[in-house]
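Engineer: Coordinates in start04.tsv, TSV, C-alpha atoms, are listed below.
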```tsv
chain	number	residue	atom	x	y	z
W	1470	MET	CA	-173.03	-91.54	3.76
W	1471	PRO	CA	-174.01	-92.26	0.16
W	1472	VAL	CA	-172.23	-89.15	-1.22
W	1473	PRO	CA	-169.33	-88.25	1.11
W	1474	ARG	CA	-167.93	-85.69	-1.34
W	1475	VAL	CA	-170.76	-83.24	-0.59
W	1476	VAL	CA	-170.32	-83.46	3.19
W	1477	HIS	CA	-168.56	-80.36	4.54
W	1478	PRO	CA	-164.91	-81.10	5.47
W	1479	ASP	CA	-165.47	-79.90	9.05
W	1480	TYR	CA	-168.11	-82.57	9.56
W	1481	LEU	CA	-165.90	-85.26	8.04
W	1482	ALA	CA	-163.24	-84.24	10.57
W	1483	MET	CA	-165.84	-84.67	13.34
W	1484	LEU	CA	-166.39	-88.33	12.52
W	1485	ARG	CA	-163.54	-89.12	14.90
W	1486	LEU	CA	-165.76	-87.93	17.77
W	1487	LEU	CA	-168.46	-90.55	17.23
W	1488	PRO	CA	-168.79	-93.12	20.03
W	1489	PRO	CA	-167.56	-96.73	19.77
W	1490	SER	CA	-171.15	-97.96	19.30
W	1491	THR	CA	-171.29	-96.23	15.88
W	1492	ARG	CA	-170.71	-97.83	12.50
W	1493	ILE	CA	-169.91	-95.44	9.66
W	1494	VAL	CA	-170.51	-96.60	6.09
W	1495	LEU	CA	-168.87	-94.38	3.46
W	1496	VAL	CA	-169.97	-95.08	-0.11
W	1497	ASP	CA	-167.31	-94.50	-2.78
W	1498	PRO	CA	-165.52	-91.66	-0.95
W	1499	ALA	CA	-163.14	-89.55	-3.04
W	1500	ARG	CA	-159.52	-89.11	-2.00
W	1501	GLN	CA	-160.29	-85.63	-0.63
W	1502	ALA	CA	-163.05	-87.00	1.62
W	1503	LEU	CA	-160.68	-89.61	3.05
W	1504	ASP	CA	-158.05	-86.94	3.64
W	1505	ASP	CA	-160.56	-84.57	5.28
W	1506	ALA	CA	-161.62	-87.32	7.67
W	1507	SER	CA	-157.98	-88.44	8.22
W	1508	ILE	CA	-158.90	-91.99	7.21
W	1509	PRO	CA	-155.67	-93.95	6.52
W	1510	LEU	CA	-156.69	-95.48	3.19
W	1511	ALA	CA	-155.40	-94.86	-0.34
W	1512	LEU	CA	-157.31	-95.22	-3.60
W	1513	VAL	CA	-155.94	-97.66	-6.20
W	1514	GLY	CA	-157.17	-99.34	-9.39
W	1515	ARG	CA	-160.53	-97.73	-10.18
W	1516	ARG	CA	-162.72	-99.55	-12.73
W	1517	TRP	CA	-165.07	-98.04	-15.32
W	1518	ALA	CA	-168.03	-99.83	-13.74
W	1519	ALA	CA	-168.75	-101.93	-10.69
W	1520	ARG	CA	-168.08	-105.66	-10.92
W	1521	ALA	CA	-169.73	-108.45	-8.97
W	1522	VAL	CA	-167.13	-110.54	-7.14
W	1523	ALA	CA	-167.06	-112.88	-4.16
W	1524	PRO	CA	-166.34	-111.37	-0.72
W	1525	ASP	CA	-163.41	-113.66	0.20
W	1526	CYS	CA	-163.10	-112.24	3.71
W	1527	ALA	CA	-164.13	-112.87	7.29
W	1528	VAL	CA	-166.64	-110.01	7.61
W	1529	ASP	CA	-169.91	-111.76	8.49
W	1530	GLU	CA	-172.18	-109.39	6.57
W	1531	ALA	CA	-170.13	-109.82	3.38
W	1532	ARG	CA	-169.96	-113.60	3.70
W	1533	ALA	CA	-173.73	-113.76	4.18
W	1534	ALA	CA	-174.35	-111.58	1.12
W	1535	GLY	CA	-172.08	-113.55	-1.20
W	1536	PRO	CA	-171.10	-112.11	-4.60
W	1537	ALA	CA	-172.13	-108.46	-4.95
W	1538	ALA	CA	-171.33	-105.51	-7.22
W	1539	ALA	CA	-168.99	-103.97	-4.68
W	1540	LEU	CA	-165.81	-103.69	-6.75
W	1541	ARG	CA	-165.27	-100.45	-8.58
W	1542	GLN	CA	-162.79	-98.50	-6.48
W	1543	ARG	CA	-160.10	-100.47	-4.64
W	1544	TYR	CA	-158.48	-99.33	-1.40
W	1545	LYS	CA	-155.06	-99.89	0.09
W	1546	GLY	CA	-154.33	-99.70	3.80
W	1547	ASP	CA	-154.76	-101.47	7.11
W	1548	GLY	CA	-158.05	-103.23	7.72
W	1549	VAL	CA	-160.08	-106.25	6.61
W	1550	HIS	CA	-160.33	-106.27	2.81
W	1551	CYS	CA	-163.35	-107.81	1.07
W	1552	TYR	CA	-164.51	-107.99	-2.55
W	1553	ASP	CA	-160.98	-107.75	-3.94
W	1554	ALA	CA	-160.32	-104.62	-1.81
W	1555	GLY	CA	-163.53	-102.94	-2.98
W	1556	VAL	CA	-164.75	-103.02	0.64
W	1557	VAL	CA	-162.56	-102.38	3.67
W	1558	ARG	CA	-163.50	-102.58	7.32
W	1559	VAL	CA	-161.30	-100.44	9.56
W	1560	SER	CA	-161.16	-100.00	13.33
W	1561	TRP	CA	-160.72	-96.26	13.05
W	1562	GLN	CA	-160.59	-93.82	15.96
W	1563	ARG	CA	-163.41	-95.06	18.21
W	1564	ALA	CA	-165.95	-96.07	15.55
W	1565	ASP	CA	-166.37	-99.07	13.27
W	1566	LEU	CA	-165.75	-97.85	9.70
W	1567	ILE	CA	-166.80	-99.51	6.45
W	1568	VAL	CA	-165.59	-98.04	3.15
W	1569	ILE	CA	-167.21	-99.45	0.01
W	1570	GLY	CA	-165.96	-98.35	-3.39
W	1571	ALA	CA	-169.18	-98.87	-5.39
W	1572	SER	CA	-172.63	-97.37	-5.00
W	1573	ASP	CA	-174.47	-100.19	-6.79
W	1574	PRO	CA	-175.63	-102.06	-3.65
W	1575	PHE	CA	-177.38	-98.88	-2.46
W	1576	ARG	CA	-178.94	-97.77	-5.76
W	1577	ASN	CA	-182.64	-98.27	-6.49
W	1578	ASP	CA	-181.85	-99.60	-9.98
W	1579	ARG	CA	-179.13	-102.03	-8.86
W	1580	ILE	CA	-180.21	-103.28	-5.44
W	1581	GLY	CA	-181.97	-106.31	-6.95
W	1582	GLU	CA	-178.85	-107.59	-8.67
W	1583	HIS	CA	-176.46	-110.26	-7.33
W	1584	GLY	CA	-176.17	-110.05	-3.52
W	1585	ASN	CA	-176.47	-106.25	-3.48
W	1586	ALA	CA	-179.54	-106.05	-1.26
W	1587	ALA	CA	-178.11	-108.51	1.28
W	1588	LEU	CA	-174.81	-106.63	1.39
W	1589	ALA	CA	-176.42	-103.19	1.80
W	1590	THR	CA	-178.80	-104.28	4.53
W	1591	GLY	CA	-176.12	-106.36	6.21
W	1592	LEU	CA	-173.74	-103.41	6.46
W	1593	LEU	CA	-176.47	-101.07	7.72
W	1594	ALA	CA	-178.35	-103.38	10.07
W	1595	THR	CA	-175.70	-104.04	12.73
W	1596	ARG	CA	-176.97	-101.19	14.92
W	1597	PRO	CA	-180.49	-100.52	16.27
W	1598	ARG	CA	-180.72	-97.16	14.49
W	1599	VAL	CA	-179.88	-96.41	10.85
W	1600	VAL	CA	-179.33	-92.84	9.64
W	1601	TRP	CA	-179.05	-92.06	5.93
W	1602	LEU	CA	-177.53	-88.67	5.04
W	1603	ASP	CA	-179.64	-87.59	2.07
W	1604	LEU	CA	-177.52	-84.82	0.52
W	1605	HIS	CA	-177.86	-83.57	-3.04
W	1606	LYS	CA	-175.56	-80.55	-3.00
W	1607	LEU	CA	-172.53	-79.24	-1.13
W	1608	GLU	CA	-173.60	-78.53	2.42
W	1609	PRO	CA	-172.77	-75.26	4.20
W	1610	PRO	CA	-170.15	-75.07	6.96
W	1611	PRO	CA	-171.18	-75.65	10.58
W	1612	GLY	CA	-171.73	-72.83	13.04
W	1613	VAL	CA	-168.65	-71.68	14.95
W	1614	VAL	CA	-167.81	-70.71	18.51
W	1615	ASP	CA	-164.88	-68.65	19.71
W	1616	GLU	CA	-162.31	-70.52	21.75
W	1617	PRO	CA	-160.69	-68.57	24.62
W	1618	GLY	CA	-157.39	-67.12	23.49
W	1619	SER	CA	-158.08	-67.80	19.82
W	1620	SER	CA	-158.93	-65.27	17.15
W	1621	ASP	CA	-160.55	-67.87	14.90
W	1622	GLY	CA	-163.85	-69.62	15.41
W	1623	VAL	CA	-163.86	-73.40	15.39
W	1624	PRO	CA	-166.68	-75.87	14.81
W	1625	PRO	CA	-168.46	-76.28	18.17
W	1626	SER	CA	-168.00	-80.04	18.31
W	1627	LEU	CA	-164.22	-79.69	18.03
W	1628	GLY	CA	-164.03	-77.37	21.04
W	1629	GLU	CA	-164.13	-78.35	24.70
W	1630	ASP	CA	-167.53	-79.32	25.99
W	1631	PRO	CA	-168.27	-79.33	29.74
W	1632	ARG	CA	-170.94	-81.97	29.19
W	1633	ASP	CA	-168.30	-84.59	28.36
W	1634	GLY	CA	-169.00	-85.69	24.83
W	1635	GLU	CA	-172.24	-83.88	24.03
W	1636	TYR	CA	-172.26	-81.32	21.28
W	1637	THR	CA	-172.24	-77.63	22.15
W	1638	GLU	CA	-175.21	-75.77	20.76
W	1639	ASP	CA	-174.83	-72.06	20.11
W	1640	GLY	CA	-177.64	-71.44	17.67
W	1641	GLY	CA	-175.40	-71.02	14.63
W	1642	GLU	CA	-176.36	-72.33	11.22
W	1643	GLY	CA	-175.94	-76.07	11.01
W	1644	THR	CA	-174.94	-76.37	14.69
W	1645	PRO	CA	-175.07	-80.04	15.75
W	1646	GLY	CA	-177.52	-81.05	18.45
W	1647	GLU	CA	-177.22	-83.84	20.98
W	1648	GLU	CA	-174.46	-86.46	21.13
W	1649	GLY	CA	-174.58	-89.08	18.43
W	1650	ASP	CA	-177.50	-87.32	16.79
W	1651	GLY	CA	-175.68	-84.58	14.90
W	1652	SER	CA	-178.96	-82.89	13.99
W	1653	GLY	CA	-178.88	-79.30	12.75
W	1654	SER	CA	-180.79	-76.80	10.69
W	1655	ASP	CA	-179.08	-77.62	7.40
W	1656	SER	CA	-176.30	-80.08	8.20
W	1657	GLN	CA	-174.84	-82.49	10.70
W	1658	ALA	CA	-172.12	-85.02	11.37
W	1659	GLY	CA	-172.91	-88.51	12.52
W	1660	GLU	CA	-176.46	-89.63	13.30
W	1661	GLY	CA	-179.51	-87.54	12.56
W	1662	SER	CA	-181.35	-86.33	9.49
W	1663	ARG	CA	-180.74	-83.33	7.30
W	1664	ASP	CA	-183.60	-81.92	5.24
W	1665	SER	CA	-184.65	-85.49	4.66
W	1666	PRO	CA	-188.01	-86.56	3.24
W	1667	SER	CA	-190.60	-87.96	5.60
W	1668	ALA	CA	-190.45	-91.62	6.59
W	1669	SER	CA	-193.53	-92.32	4.47
W	1670	ASP	CA	-191.87	-90.78	1.42
W	1671	VAL	CA	-188.71	-92.83	1.98
W	1672	ASP	CA	-190.74	-96.02	2.38
W	1673	SER	CA	-192.58	-95.42	-0.89
W	1674	GLU	CA	-189.55	-94.37	-2.93
W	1675	ASN	CA	-186.63	-96.47	-1.72
W	1676	PRO	CA	-186.87	-100.25	-2.19
W	1677	LEU	CA	-183.95	-100.72	0.20
W	1678	TRP	CA	-186.43	-100.60	3.11
W	1679	ASN	CA	-188.20	-103.66	1.73
W	1680	ALA	CA	-184.99	-105.65	2.10
W	1681	PHE	CA	-184.95	-105.17	5.88
W	1682	PRO	CA	-186.87	-107.64	8.07
W	1683	HIS	CA	-190.25	-106.41	9.30
W	1684	GLY	CA	-189.98	-104.49	12.56
W	1685	SER	CA	-186.46	-103.14	12.04
W	1686	GLY	CA	-185.97	-99.52	13.03
W	1687	ARG	CA	-186.52	-96.82	10.41
W	1688	CYS	CA	-185.94	-93.11	10.63
```
How would this structure read if it were set down as structure tokens?

Structural biologist:
Amino acid sequence: MPVPRVVHPDYLAMLRLLPPSTRIVLVDPARQALDDASIPLALVGRRWAARAVAPDCAVDEARAAGPAAALRQRYKGDGVHCYDAGVVRVSWQRADLIVIGASDPFRNDRIGEHGNAALATGLLATRPRVVWLDLHKLEPPPGVVDEPGSSDGVPPSLGEDPRDGEYTEDGGEGTPGEEGDGSGSDSQAGEGSRDSPSASDVDSENPLWNAFPHGSGRC
């Protein structure tokens, strides 16, 4: 998630439902985004600009990347801290969570600096499928379903589902689709795409793809 602050709070709350095979990478999340997702990290010591520092941690992807511009926002809390607490890896709920406090490694104009490209691709390439949430404005809320005995609707993925883990689909705006895919008309949580450009457009516009080895999955 390159811009967690524009993700609807209901979807951030749904991150806890993602399966253990999922890695979530949150790029420079604001305090409100961490609170909405109930992620036990606090923000400390924000810099004016990102600084390139050594990883100094045991996370393989960080060690392989070496010095990278990953230090702008520091985090405090349980987890493995890298880049002077600019990157934290947390075993959170069921998923593997990476929080990075600088967007530089994922920016077109900064990816070629230091070990940025190696860090970005390393963090994103640990799973066979990579999903990039390309949001440019605040997304609308998810569709809702009525729970028995409740007067208020709740997001469908937070209600009971007889299919044991799959999302309930009721046709509402932004209703998530199948498990782990989170696809919807305008929004989703987890894997999937949301009003994203075509793969050919992404390939031509984003140099990050060129940093991945040939044959790696793209979507």

Engineer: Return the padded bounding box of stretch 1505-1512 of chain W as AutoDock Vina command-line options: axis-aligned, built from all atoms listed in the file, 5 Å added on each side, with centre and edge lengths in Å to one decimal.

Structural biologist:
```
--center_x -158.5 --center_y -90.0 --center_z 2.3 --size_x 16.2 --size_y 20.9 --size_z 21.8
```

Engineer: Calculated over all atoms listed in the file, which of the candidates W:Asp1578, W:Asp1565, W:Glu1608, W:Asp1505 has the smallest distance to W:Val1475?

Structural biologist: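 Answer, going by the shortest atom-to-atom distance: W:Glu1608.
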
Engineer: For W:Gly1584, list every protein, DNA or RNA residue within 6 Å, evaluated using only C-alpha atoms, and leave out those in the same chain fewer than 2 positions away; present the list as a list in words.

Structural biologist: Ala1534, Gly1535, Pro1536, Ala1537, Ala1586 and Ala1587 of chain W

Engineer: Choose the residue, out of W:Arg1579, W:Arg1516, W:Arg1541, W:Arg1492, that has the smallest atom-to-atom separation from W:Trp1561; count all atoms listed in the file.

Structural biologist: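 Checking each of W:Arg1579, W:Arg1516, W:Arg1541, W:Arg1492 against W:Trp1561, counting all atoms listed in the file, the winner is W:Arg1492.
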
Engineer: Pick out the closest residue to W:Pro1509 from this set: W:Pro1478, W:Pro1471, W:Gly1548, W:Pro1488. Count all atoms listed in the file.

Structural biologist: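 Residue with the minimum atom-to-atom distance to W:Pro1509: W:Gly1548.
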
Engineer: Work out how far apart atom CA of W:Asn1585 and atom CA of W:Tyr1480 are and give it in Å to one decimal.

Structural biologist: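 Going from atom CA of W:Asn1585 over to atom CA of W:Tyr1480 covers 28.3 Å.
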
Engineer: Just give me the gap between atom CA of W:Ala1564 and atom CA of W:Asp1479 in Å, one decimal is fine.

Structural biologist: 17.4 Å

Engineer: W:Val1513: which residues within 7 Å, counting only C-alpha atoms, same-chain residues fewer than 3 positions away excluded, as an MDAnalysis selection string?

Structural biologist: chainID W and resid 1542:1545

Engineer: Find the residues around W:Arg1532 up to 12 Å (only C-alpha atoms counted), leave out those fewer than 3 positions away in its own chain, and share them as a ChimeraX atom specification.

Structural biologist: /W:1522-1529,1535-1537,1551-1552,1584,1587-1588,1591-1592

Engineer: In Å to one decimal, how far is atom CA of W:Leu1566 from atom CA of W:Leu1512?

Structural biologist: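 Separation between atom CA of W:Leu1512 and atom CA of W:Leu1566: 16.0 Å.
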
Engineer: For W:Arg1500, work out the shell of residues within 10 Å, counting only C-alpha atoms and skipping chain neighbours fewer than 4 positions away, then give it as an MDAnalysis selection string.

Structural biologist: chainID W and resid 1474 1504:1505 1508 1510:1512

Engineer: I'd like to know which of W:Asn1679, W:Ala1589, W:Asp1553, W:Leu1481 is closest to W:Ile1567, using all atoms listed in the file.

Structural biologist: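 For W:Ile1567, the nearest of the candidates is W:Ala1589.
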
Engineer: At a cut-off of 10 Å, using only C-alpha atoms, what residues contact W:Arg1563? Leave out same-chain residues fewer than 6 positions from it and give the result as a tab-separated table (two decimals) with C-alpha atoms, in the coordinates of the input.

Structural biologist:
```tsv
chain	number	residue	atom	x	y	z
W	1484	LEU	CA	-166.39	-88.33	12.52
W	1485	ARG	CA	-163.54	-89.12	14.90
W	1486	LEU	CA	-165.76	-87.93	17.77
W	1487	LEU	CA	-168.46	-90.55	17.23
W	1488	PRO	CA	-168.79	-93.12	20.03
W	1489	PRO	CA	-167.56	-96.73	19.77
W	1490	SER	CA	-171.15	-97.96	19.30
W	1491	THR	CA	-171.29	-96.23	15.88
W	1492	ARG	CA	-170.71	-97.83	12.50
```

Engineer: For W:Asp1573, which residue out of W:Met1470, W:Ala1538, W:Val1600, W:Ala1531 is the nearest one, using all atoms listed in the file?

Structural biologist: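 Of W:Met1470, W:Ala1538, W:Val1600, W:Ala1531, the one nearest W:Asp1573, counting all atoms listed in the file, is W:Ala1538.
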
Engineer: Which residue gives the smallest distance to W:Ile1580 among W:Ile1493, W:Ala1506, W:Ala1539, W:Trp1601, with only C-alpha atoms counted?

Structural biologist: W:Ala1539
